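The structure appears right after this line, and notes come after that.
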Amino acid sequence: MDAVAQSVVHRWLAEALALMVEHEAELGRLDAAAGDGDHGATMVRGLRAASAALTGATGSSGQLLQQAGAAFADAGGASGALVGALLATAGQQLGDGPCDLPTVTAALRAGADQVARLGKAQPGDKTLLDALYPFLRALAAPPPTQSLTVAWKAALPAAEQGAAATSSLVARRGRAAKLGARSLGHPDPGAVSITYLLRALLATEL
Amino acid sequence: MDAVAQSVVHRWLAEALALMVEHEAELGRLDAAAGDGDHGATMVRGLRAASAALTGATGSSGQLLQQAGAAFADAGGASGALVGALLATAGQQLGDGPCDLPTVTAALRAGADQVARLGKAQPGDKTLLDALYPFLRALAAPPPTQSLTVAWKAALPAAEQGAAATSSLVARRGRAAKLGARSLGHPDPGAVSITYLLRALLATEL
Amino acid sequence: MTVLYNDPTHFREELIEGFVAAYGRLVRRVPDASGVIATQPRPRSQVALVIGGGSGHYPAFCGYVGPGLASAAVMGNVFAAPSAEQIYRVTRAAAGDGGVLFCYGNYSGDVLNFDLAEQRCQAEGLEVRTVRVTDDVASAPQGEESERRGIAGDFFVFKIAGASAARGDDLETVARLAQKANDQTRSFGVAFGGCTLPGQSAPLFVVEPGQMELGLGVHGEPGIQSSHLRPAHEIAGLLLETLLANAPAALPPRVGVLLNGLGSTQYEELFVLYKDVHRLLVAAGLAPYHPVVAEMVTSLDMAGCSLSLCWLDDELLPLFDAPCTSAAYTKF
Amino acid sequence: MTVLYNDPTHFREELIEGFVAAYGRLVRRVPDASGVIATQPRPRSQVALVIGGGSGHYPAFCGYVGPGLASAAVMGNVFAAPSAEQIYRVTRAAAGDGGVLFCYGNYSGDVLNFDLAEQRCQAEGLEVRTVRVTDDVASAPQGEESERRGIAGDFFVFKIAGASAARGDDLETVARLAQKANDQTRSFGVAFGGCTLPGQSAPLFVVEPGQMELGLGVHGEPGIQSSHLRPAHEIAGLLLETLLANAPAALPPRVGVLLNGLGSTQYEELFVLYKDVHRLLVAAGLAPYHPVVAEMVTSLDMAGCSLSLCWLDDELLPLFDAPCTSAAYTKF
Ligand SMILES: Nc1ncnc2c1ncn2[C@@H]1O[C@H](COP(=O)(O)OP(=O)(O)O)[C@@H](O)[C@H]1O
Ligand SMILES: Nc1ncnc2c1ncn2[C@@H]1O[C@H](COP(=O)(O)OP(=O)(O)O)[C@@H](O)[C@H]1O
Ligand SMILES: [Mg+2]
Ligand SMILES: [Mg+2]
Ligand SMILES: [Mg+2]
Ligand SMILES: [Mg+2]
């Protein structure tokens with residue numbers, strides 16, 4: 001059992017929750033544009049449930065992430081199921097492995113692929129994948145020996161640009177997909193919230 | 001049959017309707033203050049129904065007023081029943097009599113008394129009676145030989161002052177009575193609309 | 001806002017036509033009158049229960065016409081009592097040989113018009129009795145119960161009167177039981193926003209953000225008093241305290257309960273409120289019986305709700321439980 | 001506006017408690033789960049109909065639980081699908097030996113969570129079938145019917161599936177009939193104003209005065225398209241034209257009709273609208289069968305309405321006609 005890595009998951013959840021609460025109203029407004037306005041509330045609910053589930057929990061980072069994912073999923077909605085699966089699958093892939101760049105990248109990729117599978121979504125469908133996949137590509141750029149923190153920080157703009165670029169996409173998955181061209185002109189709320197989840201990890205001083 | 005008097009009722013109805021349409025929104029607002037906002041609409045509906053009923057009708061002024069009252073009553077609401085009864089009773093009392101000051105005054109008094117009886121209302125209860133009775137008192141002041149038009153014109157301010165003075169009364173009859181002190185500060189809509197009915201007669205050049 | 005209409009002066013006529021077109025399996029139009037009558041024939045000897053009032057309160061009044069409930073409903077214009085003439089015509093169409101019970105909310109316009117119609121019917125030899133619903137404790141103090149106006153308590157009074165008529169009770173009995181249901185019913189409500197009449201663009205009253213109105217009327221009348229908005233559980237306490245302070249004396253604890261939405265208050269909000277209402281009812285020693293949380297007497301699109309309690313003694317209970325069918329309320 | 005609440009994060013929990021407190025004669029809480037189950041026992045061999053979705057749509061979904069309708073409802077947070085975990089727990093509580101039919105509106109979140117729950121149940125040997133409601137013609141073009149979202153058409157699909165399960169049909173048959181009901185149902189709606197989530201102060205969307213939104217969603221999603229507001233009779237024409245242009249091919253003329261209010265649209269307005277809807281239905285050669293004009297699938301306090309038609313062939317008719325009891329819909 002890896003005491004440092006374990007506390008990373010705890011600290012990340014705390015940072016992510018704080019960041020999400022800060023942006024809850026903004027995410028609600030983004031979701032209201034072509035959806036039902038609850039994305040901020042659902043993300044906050046999911047992170048609260050995950051934090052609560054991990055109170056006093058011990059285990060590897062992988063195990064803790066899996067637990068966090070299961071609790072997050074119980075927040076319901078599309079993002080509960082998808083972000084929950086993202087965390088749980090990444091945790092499963094991570095297992096007892098080290099929190100280094102190649103292992104974490106592979107874990108996140110497994111999570112993203114699971115989201116794509118469950119949601120039957122592809123890049124370009126205006127979903128959280130449009131922030132996640134650019135981020136994964138950017139993470140894969142540096143040499144595998146690079147520090148996770150440095151690589152993560154360097155990759156973050158790719159996620160943020162990916163999220164911003166969803167403004168000019170027409171939604172093909174999720175609630176907004178039913179509105180056709182009306183989904184144009186606003187970034188996808190799920191893509192934006194993913195950038196907050198990713199950014200929160202930096203504040204935990206890996 | 002009195003052809004001149006008959007056309008007075010027709011012309012009065014036309015003038016009253018025009019005046020009421022002009023003030024419909026105002027009467028609605030007055031009624032909304034402590035009631036349900038429909039007094040203007042009900043008065044207009046009643047006058048429209050009365051006009052329609054009298055289209056092509058012939059008879060004495062008394063008979064025509066009776067018909068007008070019956071049609072007005074079908075507008076429903078408190079004011080439909082009361083103003084309808086006012087007109088019908090006045091018409092009945094007027095009968096085939098002349099349209100001179102004593103006869104018309106007696107007819108209007110009979111109508112007002114019928115309103116008080118039906119509505120179980122007294123002066124001071126903040127109802128249309130608080131415009132009608134001061135008007136009747138003022139009509140009784142000049143000698144019986146005075147022209148109806150002159151007397152009517154001279155009495156109108158008494159009705160208007162009576163209506164305005166209802167602002168400082170607490171309603172004891174009608175919808176507004178349930179609101180206690182909340183009915184203070186606005187004149188009674190029924191008292192105000194009665195002044196329009198009375199004023200309309202002047203425009204018909206008796 | 002009222003947005004769906006054609007000519008506002010034809011609103012009542014069109015809504016009656018639409019109602020009859022939709023629910024022709026239950027009601028038909030009374031020819032040449034603003035009202036509907038149950039299609040299913042009753043034995044001629046049964047008392048005819050005739051209800052009515054202004055429009056704008058659906059399902060009151062036409063939604064309550066059907067077997068086990070009202071025989072007919074007279075429909076006025078929005079928030080205006082139907083005229084005596086219309087009441088007379090509908091009553092004539094509904095009456096058999098058992099006499100007629102008029103049942104309606106205690107408002108000046110309704111009293112005037114129903115009383116005139118009653119006199120006319122009586123003069124023609126038709127026996128008519130009247131029970132006015134006076135459940136709203138906000139509208140007159142104790143000791144003046146009969147001056148109170150009728151709000152959602154209509155539901156209990158109509159249900160019990162309709163069941164009594166349907167089982168064949170005579171007019172005397174139906175009137176007595178309707179009166180008893182009314183005497184054992186109390187309501188109190190709160191409003192969060194006013195309603196807008198068809199053709200008008202401003203609501204009848206506006207409630208400032210963070211405020212509420214206590215003691216609402218169901219015609220867009222503002223409340224008796226303004227107050228600051230509170231969390232749901234405090235509003236539950238307020239509703240219940242007011243009702244219990246005005247409860248009828250010395251009755252067994254079983255109460256029918258109606259938490260009634262006025263129009264634009266969400267059903268989910270009513271359930272959140274009901275959670276604490278129920279808890280407080282039980283804590284007060286009352287036994288809530290088959291509660292109803294729904295829109296049973298509305299006020300166009302007004303925001304707010306009222307709580308009604310009907311003390312169901314052993315005489316009223318089987319009538320409340322009896323089956324009925326109507327557009328708005330079916331029980332079996 | 002949502003004004004009646006305590007802590008918005010407890011809104012779902014409190015509304016479930018209030019619903020169960022009020023309608024304990026019909027439903028009970030599934031222990032440790034966000035859902036309710038019918039109190040009246042069914043034969044174990046019967047198919048369990050499990051419905052569900054986000055809260056904010058009452059009477060969908062919990063208001064449809066009872067004999068002849070759904071066996072259980074899973075309740076998500078406001079406008080959020082219930083989680084797979086909750087669906088699993090409620091399904092386990094509802095399932096007998098006859099297998100389970102999941103029935104819900106076709107939304108990404110619901111599909112994800114119900115599918116995950118279905119996989120888990122199947123893995124444990126419990127037979128589950130799924131029928132998604134896809135009635136909203138505005139949400140995907142012809143040829144892509146299965147991509148459409150579910151709105152008020154829920155009512156017909158649940159009613160028919162519930163009646164099929166109640167008469168003892170096997171899972172295969174219940175699923176086939178529910179699918180058929182869905183395939184023969186079309187809806188289209190218009191919105192006049194958005195709704196406000198509990199704890200939020202601004203509505204999800206605003207409709208400018210004199211405008212309306214065509215092709216509403218029941219989650220406060222704006223319409224597919226904005227348009228200028230028209231008189232009721234023109235809106236009736238628009239609703240009907242759109243539905244008829246999207247009608248299923250070659251079916252007999254008898255149609256179930258639901259004119260559904262979303263929350264703050266007045267019942268009286270719906271009847272005014274229905275007058276012309278009915279006329280146009282008949283003029284189009286259709287035979288409206290037992291129309292329902294009511295709030296059957298709401299969207300909090302959203303203003304607007306939708307028209308649903310369900311082509312009732314001889315196989316579906318007796319199921320639509322069958323008796324049922326629930327908090328929101330009772331037929332006998
Ligand atoms: N099928 C899907 N595949 C991938 N992502 C999806 C899918 N459906 C929805 N999403 C994501 O979920 C987000 C919406 O989340 P949220 O508002 O919480 O859920 P809901 O749509 O149930 O209200 C969207 O912005 C999108 O990123
Ligand atoms: N019992 C009564 N006696 C005398 N006048 C009354 C009575 N009830 C109501 N009114 C009069 O009727 C007016 C209200 O009329 P209206 O708004 O048309 O009727 P409603 O109260 O039925 O909406 C009041 O302003 C008052 O003047
Ligand atoms: Mg959303
Ligand atoms: Mg009025
Ligand atoms: Mg009125
Ligand atoms: Mg949602």
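Lettering and numbering for the structure tokens are positional, with chains as A, B, ... in the shown order, residues counted from 1 in each chain, and ligands counted from 1 in the shown order.
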List all protein, DNA and RNA residues that have any atom at most 6 Å from ligand 1, counting only C-alpha atoms and all ligand atoms, and write the list as number ranges by chain. A: 31, 36, 38-39, 42, 77-79, 119-121, 127-128, 173-175, 188-191; D: 80-81, 108-109
Filtering to all heavy atoms, could you give me those residues as a short mmCIF file (atom, residue, chain, number, x, y, z; two decimals), in the first residue's frame?
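File produced: selection-v5.cif:
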```cif
data_model
loop_
_atom_site.label_atom_id
_atom_site.label_comp_id
_atom_site.auth_asym_id
_atom_site.auth_seq_id
_atom_site.Cartn_x
_atom_site.Cartn_y
_atom_site.Cartn_z
N ASP A 31 -24.88 24.12 -19.48
CA ASP A 31 -25.77 22.99 -19.75
C ASP A 31 -27.17 23.48 -20.13
O ASP A 31 -27.88 22.84 -20.91
CB ASP A 31 -25.83 22.09 -18.52
CG ASP A 31 -26.50 20.74 -18.78
OD1 ASP A 31 -26.50 20.30 -19.95
OD2 ASP A 31 -27.03 20.14 -17.83
N ASP A 36 -30.20 20.60 -19.81
CA ASP A 36 -31.15 20.76 -18.73
C ASP A 36 -30.58 21.45 -17.49
O ASP A 36 -31.19 21.45 -16.43
CB ASP A 36 -31.75 19.40 -18.35
CG ASP A 36 -30.67 18.43 -17.90
OD1 ASP A 36 -29.47 18.74 -18.05
OD2 ASP A 36 -31.04 17.36 -17.41
N ASP A 38 -28.27 21.04 -15.30
CA ASP A 38 -27.90 20.42 -14.03
C ASP A 38 -26.47 19.90 -13.99
O ASP A 38 -26.09 19.24 -13.02
CB ASP A 38 -28.86 19.27 -13.71
CG ASP A 38 -28.73 18.13 -14.71
OD1 ASP A 38 -28.11 18.33 -15.79
OD2 ASP A 38 -29.25 17.05 -14.43
N HIS A 39 -25.67 20.19 -15.00
CA HIS A 39 -24.36 19.56 -15.05
C HIS A 39 -23.48 19.95 -13.86
O HIS A 39 -22.81 19.08 -13.26
CB HIS A 39 -23.64 19.85 -16.37
CG HIS A 39 -22.35 19.12 -16.48
ND1 HIS A 39 -22.29 17.74 -16.49
CD2 HIS A 39 -21.06 19.55 -16.52
CE1 HIS A 39 -21.01 17.36 -16.56
NE2 HIS A 39 -20.25 18.43 -16.57
N THR A 42 -24.70 18.10 -10.80
CA THR A 42 -24.39 16.67 -10.84
C THR A 42 -22.91 16.42 -10.55
O THR A 42 -22.56 15.50 -9.81
CB THR A 42 -24.78 16.07 -12.20
OG1 THR A 42 -26.18 16.28 -12.40
CG2 THR A 42 -24.50 14.58 -12.25
N GLY A 77 -27.56 10.70 -13.75
CA GLY A 77 -27.39 11.51 -14.95
C GLY A 77 -26.39 10.87 -15.90
O GLY A 77 -25.79 9.83 -15.60
N ALA A 78 -26.20 11.52 -17.05
CA ALA A 78 -25.21 11.00 -18.00
C ALA A 78 -23.81 11.16 -17.40
O ALA A 78 -23.00 10.23 -17.44
CB ALA A 78 -25.31 11.77 -19.31
N SER A 79 -23.53 12.30 -16.83
CA SER A 79 -22.16 12.52 -16.37
C SER A 79 -21.84 11.68 -15.14
O SER A 79 -20.68 11.31 -14.94
CB SER A 79 -21.90 14.00 -16.13
OG SER A 79 -22.88 14.55 -15.31
N GLY A 119 -20.79 5.46 -23.83
CA GLY A 119 -21.59 6.55 -24.38
C GLY A 119 -21.78 6.44 -25.88
O GLY A 119 -22.45 7.27 -26.48
N LYS A 120 -21.18 5.41 -26.48
CA LYS A 120 -21.22 5.24 -27.95
C LYS A 120 -20.83 6.55 -28.63
O LYS A 120 -21.44 6.97 -29.62
CB LYS A 120 -22.61 4.80 -28.41
CG LYS A 120 -23.08 3.49 -27.76
CD LYS A 120 -24.36 2.95 -28.41
CE LYS A 120 -24.72 1.57 -27.89
NZ LYS A 120 -25.06 1.54 -26.43
N ALA A 121 -19.80 7.19 -28.07
CA ALA A 121 -19.41 8.50 -28.56
C ALA A 121 -18.02 8.46 -29.17
O ALA A 121 -17.18 7.62 -28.81
CB ALA A 121 -19.43 9.52 -27.40
N THR A 127 -18.55 16.10 -26.65
CA THR A 127 -18.71 15.54 -25.31
C THR A 127 -17.40 15.75 -24.55
O THR A 127 -16.44 16.34 -25.07
CB THR A 127 -18.98 14.02 -25.34
OG1 THR A 127 -17.78 13.35 -25.75
CG2 THR A 127 -20.10 13.67 -26.31
N LEU A 128 -17.36 15.23 -23.34
CA LEU A 128 -16.14 15.32 -22.53
C LEU A 128 -14.94 14.70 -23.23
O LEU A 128 -13.79 15.06 -22.94
CB LEU A 128 -16.35 14.74 -21.14
CG LEU A 128 -16.59 13.25 -20.96
CD1 LEU A 128 -16.58 12.89 -19.48
CD2 LEU A 128 -17.92 12.81 -21.55
N ARG A 173 -24.14 13.51 -29.28
CA ARG A 173 -24.44 12.61 -28.16
C ARG A 173 -25.02 13.44 -27.03
O ARG A 173 -24.75 14.65 -26.93
CB ARG A 173 -23.17 11.90 -27.66
CG ARG A 173 -22.69 10.80 -28.55
CD ARG A 173 -23.60 9.59 -28.48
NE ARG A 173 -23.57 8.87 -29.76
CZ ARG A 173 -24.53 8.01 -30.12
NH1 ARG A 173 -25.56 7.78 -29.33
NH2 ARG A 173 -24.46 7.40 -31.28
N GLY A 174 -25.78 12.80 -26.15
CA GLY A 174 -26.32 13.50 -24.98
C GLY A 174 -27.56 14.29 -25.35
O GLY A 174 -28.00 14.31 -26.50
N ARG A 175 -28.09 14.93 -24.34
CA ARG A 175 -29.31 15.71 -24.45
C ARG A 175 -29.27 16.74 -25.57
O ARG A 175 -30.23 16.94 -26.30
CB ARG A 175 -29.43 16.48 -23.15
CG ARG A 175 -30.71 16.35 -22.47
CD ARG A 175 -30.59 17.09 -21.18
NE ARG A 175 -30.49 16.16 -20.07
CZ ARG A 175 -31.46 15.35 -19.72
NH1 ARG A 175 -32.59 15.33 -20.39
NH2 ARG A 175 -31.32 14.55 -18.69
N ASP A 188 -19.26 22.41 -24.71
CA ASP A 188 -19.94 21.31 -24.04
C ASP A 188 -19.63 21.35 -22.54
O ASP A 188 -18.46 21.39 -22.14
CB ASP A 188 -19.44 19.98 -24.62
CG ASP A 188 -20.06 18.80 -23.90
OD1 ASP A 188 -21.29 18.67 -23.95
OD2 ASP A 188 -19.31 18.03 -23.26
N PRO A 189 -20.66 21.33 -21.70
CA PRO A 189 -20.40 21.44 -20.26
C PRO A 189 -19.53 20.31 -19.72
O PRO A 189 -18.66 20.54 -18.87
CB PRO A 189 -21.80 21.41 -19.64
CG PRO A 189 -22.72 20.92 -20.70
CD PRO A 189 -22.10 21.29 -22.01
N GLY A 190 -19.75 19.09 -20.23
CA GLY A 190 -18.95 17.95 -19.77
C GLY A 190 -17.47 18.11 -20.12
O GLY A 190 -16.58 17.75 -19.34
N ALA A 191 -17.21 18.68 -21.29
CA ALA A 191 -15.81 18.91 -21.69
C ALA A 191 -15.17 19.95 -20.79
O ALA A 191 -14.00 19.83 -20.38
CB ALA A 191 -15.75 19.34 -23.16
N ALA D 80 -32.06 14.47 -13.58
CA ALA D 80 -30.91 13.58 -13.74
C ALA D 80 -31.38 12.14 -13.66
O ALA D 80 -32.11 11.76 -12.73
CB ALA D 80 -29.87 13.86 -12.65
N ALA D 81 -30.99 11.33 -14.62
CA ALA D 81 -31.34 9.92 -14.60
C ALA D 81 -30.92 9.31 -13.27
O ALA D 81 -29.91 9.71 -12.69
CB ALA D 81 -30.64 9.20 -15.74
N SER D 108 -29.76 10.12 -23.00
CA SER D 108 -28.42 9.60 -22.81
C SER D 108 -28.19 9.07 -21.39
O SER D 108 -27.76 7.94 -21.19
CB SER D 108 -27.42 10.72 -23.10
OG SER D 108 -26.22 10.21 -23.53
N GLY D 109 -28.51 9.89 -20.38
CA GLY D 109 -28.27 9.50 -19.00
C GLY D 109 -29.09 8.29 -18.59
O GLY D 109 -28.60 7.39 -17.90
#
```
Compile the residues of chain A that lie within 12 Å of chain D, evaluated using only C-alpha atoms, and express the compilation as a PyMOL selection string. chain A and resi 24-26+28-46+48-49+70-85+115-121+127+172-183
Select from region 198-237 of chain D everything DSSP, run on the backbone, classes as alpha helix (DSSP H), then give the selection as a compact mmCIF listing (two decimals) with N, CA and C atoms, in the first residue's frame.
```
# COMPACT_ATOMS: atom_id res chain seq x y z
N ALA D 232 -54.47 30.46 -30.21
CA ALA D 232 -54.58 29.04 -29.88
C ALA D 232 -54.97 28.19 -31.10
N HIS D 233 -55.87 28.65 -31.91
CA HIS D 233 -56.33 27.79 -33.01
C HIS D 233 -55.23 27.56 -34.04
N GLU D 234 -54.33 28.52 -34.17
CA GLU D 234 -53.20 28.29 -35.09
C GLU D 234 -52.20 27.31 -34.48
N ILE D 235 -52.02 27.39 -33.17
CA ILE D 235 -51.12 26.45 -32.51
C ILE D 235 -51.69 25.03 -32.61
N ALA D 236 -53.01 24.91 -32.48
CA ALA D 236 -53.64 23.61 -32.65
C ALA D 236 -53.31 23.06 -34.04
N GLY D 237 -53.42 23.91 -35.04
CA GLY D 237 -53.13 23.49 -36.41
C GLY D 237 -51.68 23.05 -36.58
```
Once you count only C-alpha atoms, which residues of chain C turn out to be within 8 Å of chain D? Could you give them as a ChimeraX atom specification? /C:1-6,11,14-19,21-23,25,55-56,58-59,192,231-233,263-276,278,290-293,300-301,330-332
So that I have them on file, write out the residues from the current selection with N, CA and C atoms, as a short mmCIF file (atom, residue, chain, number, x, y, z; two decimals), in the first residue's frame.
```
data_model
loop_
_atom_site.label_atom_id
_atom_site.label_comp_id
_atom_site.auth_asym_id
_atom_site.auth_seq_id
_atom_site.Cartn_x
_atom_site.Cartn_y
_atom_site.Cartn_z
N MET C 1 -48.91 33.72 -16.93
CA MET C 1 -49.42 34.30 -18.17
C MET C 1 -50.44 33.37 -18.84
N THR C 2 -51.50 33.94 -19.31
CA THR C 2 -52.40 33.19 -20.18
C THR C 2 -51.93 33.45 -21.61
N VAL C 3 -51.45 32.42 -22.28
CA VAL C 3 -50.96 32.64 -23.65
C VAL C 3 -51.80 31.92 -24.70
N LEU C 4 -52.43 30.82 -24.30
CA LEU C 4 -53.21 30.04 -25.25
C LEU C 4 -54.66 30.51 -25.26
N TYR C 5 -54.98 31.39 -26.17
CA TYR C 5 -56.38 31.78 -26.31
C TYR C 5 -56.58 32.35 -27.71
N ASN C 6 -57.82 32.55 -28.05
CA ASN C 6 -58.11 33.19 -29.32
C ASN C 6 -58.61 34.58 -28.98
N PHE C 11 -63.30 33.18 -24.22
CA PHE C 11 -62.50 32.18 -23.48
C PHE C 11 -63.39 31.12 -22.84
N GLU C 14 -65.10 28.77 -25.37
CA GLU C 14 -64.18 27.83 -26.01
C GLU C 14 -63.69 26.76 -25.04
N LEU C 15 -63.52 27.16 -23.79
CA LEU C 15 -63.04 26.14 -22.85
C LEU C 15 -64.14 25.12 -22.55
N ILE C 16 -65.38 25.56 -22.51
CA ILE C 16 -66.47 24.59 -22.32
C ILE C 16 -66.51 23.64 -23.51
N GLU C 17 -66.41 24.20 -24.70
CA GLU C 17 -66.44 23.33 -25.89
C GLU C 17 -65.30 22.32 -25.88
N GLY C 18 -64.11 22.79 -25.50
CA GLY C 18 -62.97 21.90 -25.45
C GLY C 18 -63.13 20.84 -24.38
N PHE C 19 -63.66 21.25 -23.23
CA PHE C 19 -63.84 20.29 -22.14
C PHE C 19 -64.82 19.20 -22.55
N ALA C 21 -65.61 18.33 -25.59
CA ALA C 21 -65.05 17.51 -26.67
C ALA C 21 -64.13 16.43 -26.09
N ALA C 22 -63.33 16.81 -25.09
CA ALA C 22 -62.39 15.85 -24.51
C ALA C 22 -63.09 14.81 -23.65
N TYR C 23 -64.01 15.25 -22.81
CA TYR C 23 -64.59 14.35 -21.83
C TYR C 23 -66.05 14.01 -22.11
N ARG C 25 -67.20 11.34 -22.81
CA ARG C 25 -67.58 10.08 -22.20
C ARG C 25 -68.17 10.28 -20.81
N SER C 55 -64.83 30.42 -13.86
CA SER C 55 -63.83 29.56 -14.48
C SER C 55 -62.45 29.99 -13.98
N GLY C 56 -61.45 29.19 -14.26
CA GLY C 56 -60.10 29.52 -13.82
C GLY C 56 -59.66 28.68 -12.63
N TYR C 58 -60.05 25.09 -12.64
CA TYR C 58 -60.09 23.68 -13.01
C TYR C 58 -59.13 22.88 -12.13
N PRO C 59 -59.52 21.69 -11.66
CA PRO C 59 -60.73 20.92 -12.00
C PRO C 59 -62.04 21.44 -11.40
N PHE C 192 -47.12 32.60 -3.72
CA PHE C 192 -45.78 33.06 -4.09
C PHE C 192 -45.80 33.91 -5.36
N PRO C 231 -38.11 28.50 4.61
CA PRO C 231 -37.91 27.15 4.07
C PRO C 231 -39.20 26.33 4.20
N ALA C 232 -39.30 25.30 3.40
CA ALA C 232 -40.53 24.50 3.33
C ALA C 232 -40.98 24.01 4.70
N HIS C 233 -40.05 23.55 5.51
CA HIS C 233 -40.49 22.95 6.78
C HIS C 233 -41.10 24.00 7.71
N GLY C 263 -51.51 26.11 -9.26
CA GLY C 263 -51.35 26.19 -10.72
C GLY C 263 -49.91 26.03 -11.12
N SER C 264 -49.06 26.96 -10.74
CA SER C 264 -47.69 26.83 -11.23
C SER C 264 -46.71 26.38 -10.15
N THR C 265 -47.20 26.09 -8.97
CA THR C 265 -46.31 25.47 -7.98
C THR C 265 -46.09 24.02 -8.38
N GLN C 266 -44.84 23.59 -8.33
CA GLN C 266 -44.48 22.26 -8.84
C GLN C 266 -45.00 21.16 -7.92
N TYR C 267 -45.40 20.04 -8.50
CA TYR C 267 -45.81 18.89 -7.69
C TYR C 267 -44.69 18.46 -6.75
N GLU C 268 -43.47 18.47 -7.24
CA GLU C 268 -42.34 18.03 -6.41
C GLU C 268 -42.20 18.91 -5.17
N GLU C 269 -42.45 20.20 -5.34
CA GLU C 269 -42.40 21.09 -4.18
C GLU C 269 -43.49 20.72 -3.18
N LEU C 270 -44.66 20.38 -3.68
CA LEU C 270 -45.75 19.99 -2.78
C LEU C 270 -45.37 18.75 -1.97
N PHE C 271 -44.67 17.82 -2.61
CA PHE C 271 -44.28 16.62 -1.88
C PHE C 271 -43.22 16.93 -0.83
N VAL C 272 -42.28 17.80 -1.19
CA VAL C 272 -41.27 18.21 -0.20
C VAL C 272 -41.99 18.84 1.00
N LEU C 273 -42.97 19.69 0.73
CA LEU C 273 -43.72 20.32 1.81
C LEU C 273 -44.52 19.28 2.58
N TYR C 274 -45.11 18.33 1.85
CA TYR C 274 -45.96 17.36 2.51
C TYR C 274 -45.20 16.49 3.51
N LYS C 275 -43.94 16.25 3.22
CA LYS C 275 -43.13 15.44 4.15
C LYS C 275 -43.27 16.01 5.57
N ASP C 276 -43.10 17.30 5.73
CA ASP C 276 -43.18 17.88 7.07
C ASP C 276 -44.61 18.07 7.53
N HIS C 278 -47.00 16.01 7.00
CA HIS C 278 -47.41 14.70 7.51
C HIS C 278 -46.84 14.45 8.91
N HIS C 290 -55.79 8.84 3.77
CA HIS C 290 -55.75 8.92 2.30
C HIS C 290 -55.48 10.34 1.79
N PRO C 291 -54.34 10.89 2.14
CA PRO C 291 -54.04 12.27 1.71
C PRO C 291 -54.03 12.41 0.19
N VAL C 292 -54.33 13.59 -0.26
CA VAL C 292 -54.27 13.92 -1.68
C VAL C 292 -53.32 15.12 -1.83
N VAL C 293 -52.31 14.96 -2.66
CA VAL C 293 -51.38 16.05 -2.95
C VAL C 293 -51.49 16.29 -4.44
N LEU C 300 -55.93 29.77 -11.99
CA LEU C 300 -55.16 29.96 -13.22
C LEU C 300 -53.71 29.51 -13.00
N ASP C 301 -52.74 30.40 -13.24
CA ASP C 301 -51.35 29.97 -13.06
C ASP C 301 -50.72 30.62 -11.83
N THR C 330 -61.08 10.17 -9.82
CA THR C 330 -61.71 8.87 -9.95
C THR C 330 -61.24 8.00 -8.80
N LYS C 331 -62.16 7.28 -8.23
CA LYS C 331 -61.84 6.47 -7.05
C LYS C 331 -62.64 5.18 -7.19
N PHE C 332 -62.02 4.06 -6.85
CA PHE C 332 -62.84 2.82 -6.84
C PHE C 332 -62.27 1.79 -5.91
#
```
Strand (DSSP E) positions in region 161-325 of chain D, given as a VMD selection string: chain D and resid 185 to 193 211 to 214 225 to 228 254 to 261 287 to 294 303 to 311
May I have the residues within 10 Å of Leu136 (chain B) as a list in words, using only C-alpha atoms and disregarding those fewer than 3 positions away in the same chain?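 Residues meeting the cut-off are Thr105, Ala106, Leu108, Arg109, Ala112, Ala131, Leu132, Tyr133, Leu139, Ala140, Ala141, Trp152, Ala155, Leu156, Ala158 and Ala159 of chain B.
The space separating CA of Thr130 (chain D) from CA of Leu171 (chain D) comes to 10.3 Å.
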Excluding region 14-20 of chain B and its own-chain neighbours fewer than 4 positions away, which residues fall within 6 Å of it when counting only C-alpha atoms? Please give them as number ranges by chain. B: 24, 47, 197, 200
Quick one: residues within 10 Å of Leu65 (chain B), only C-alpha atoms, excluding same-chain residues fewer than 6 positions away - as a ChimeraX atom specification? /B:6,9-10,13,50,54,59,71,84,86-92,94-95
Need to verify the contact set: Val65 (chain C), 6 Å, only C-alpha atoms, exclusion of same-chain residues closer than 4 positions in sequence. Can you return it as a list in words?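 So the residues in contact are Ala38, Leu69, Ala70, Ser71, Ala72 and Ser326 of chain C.
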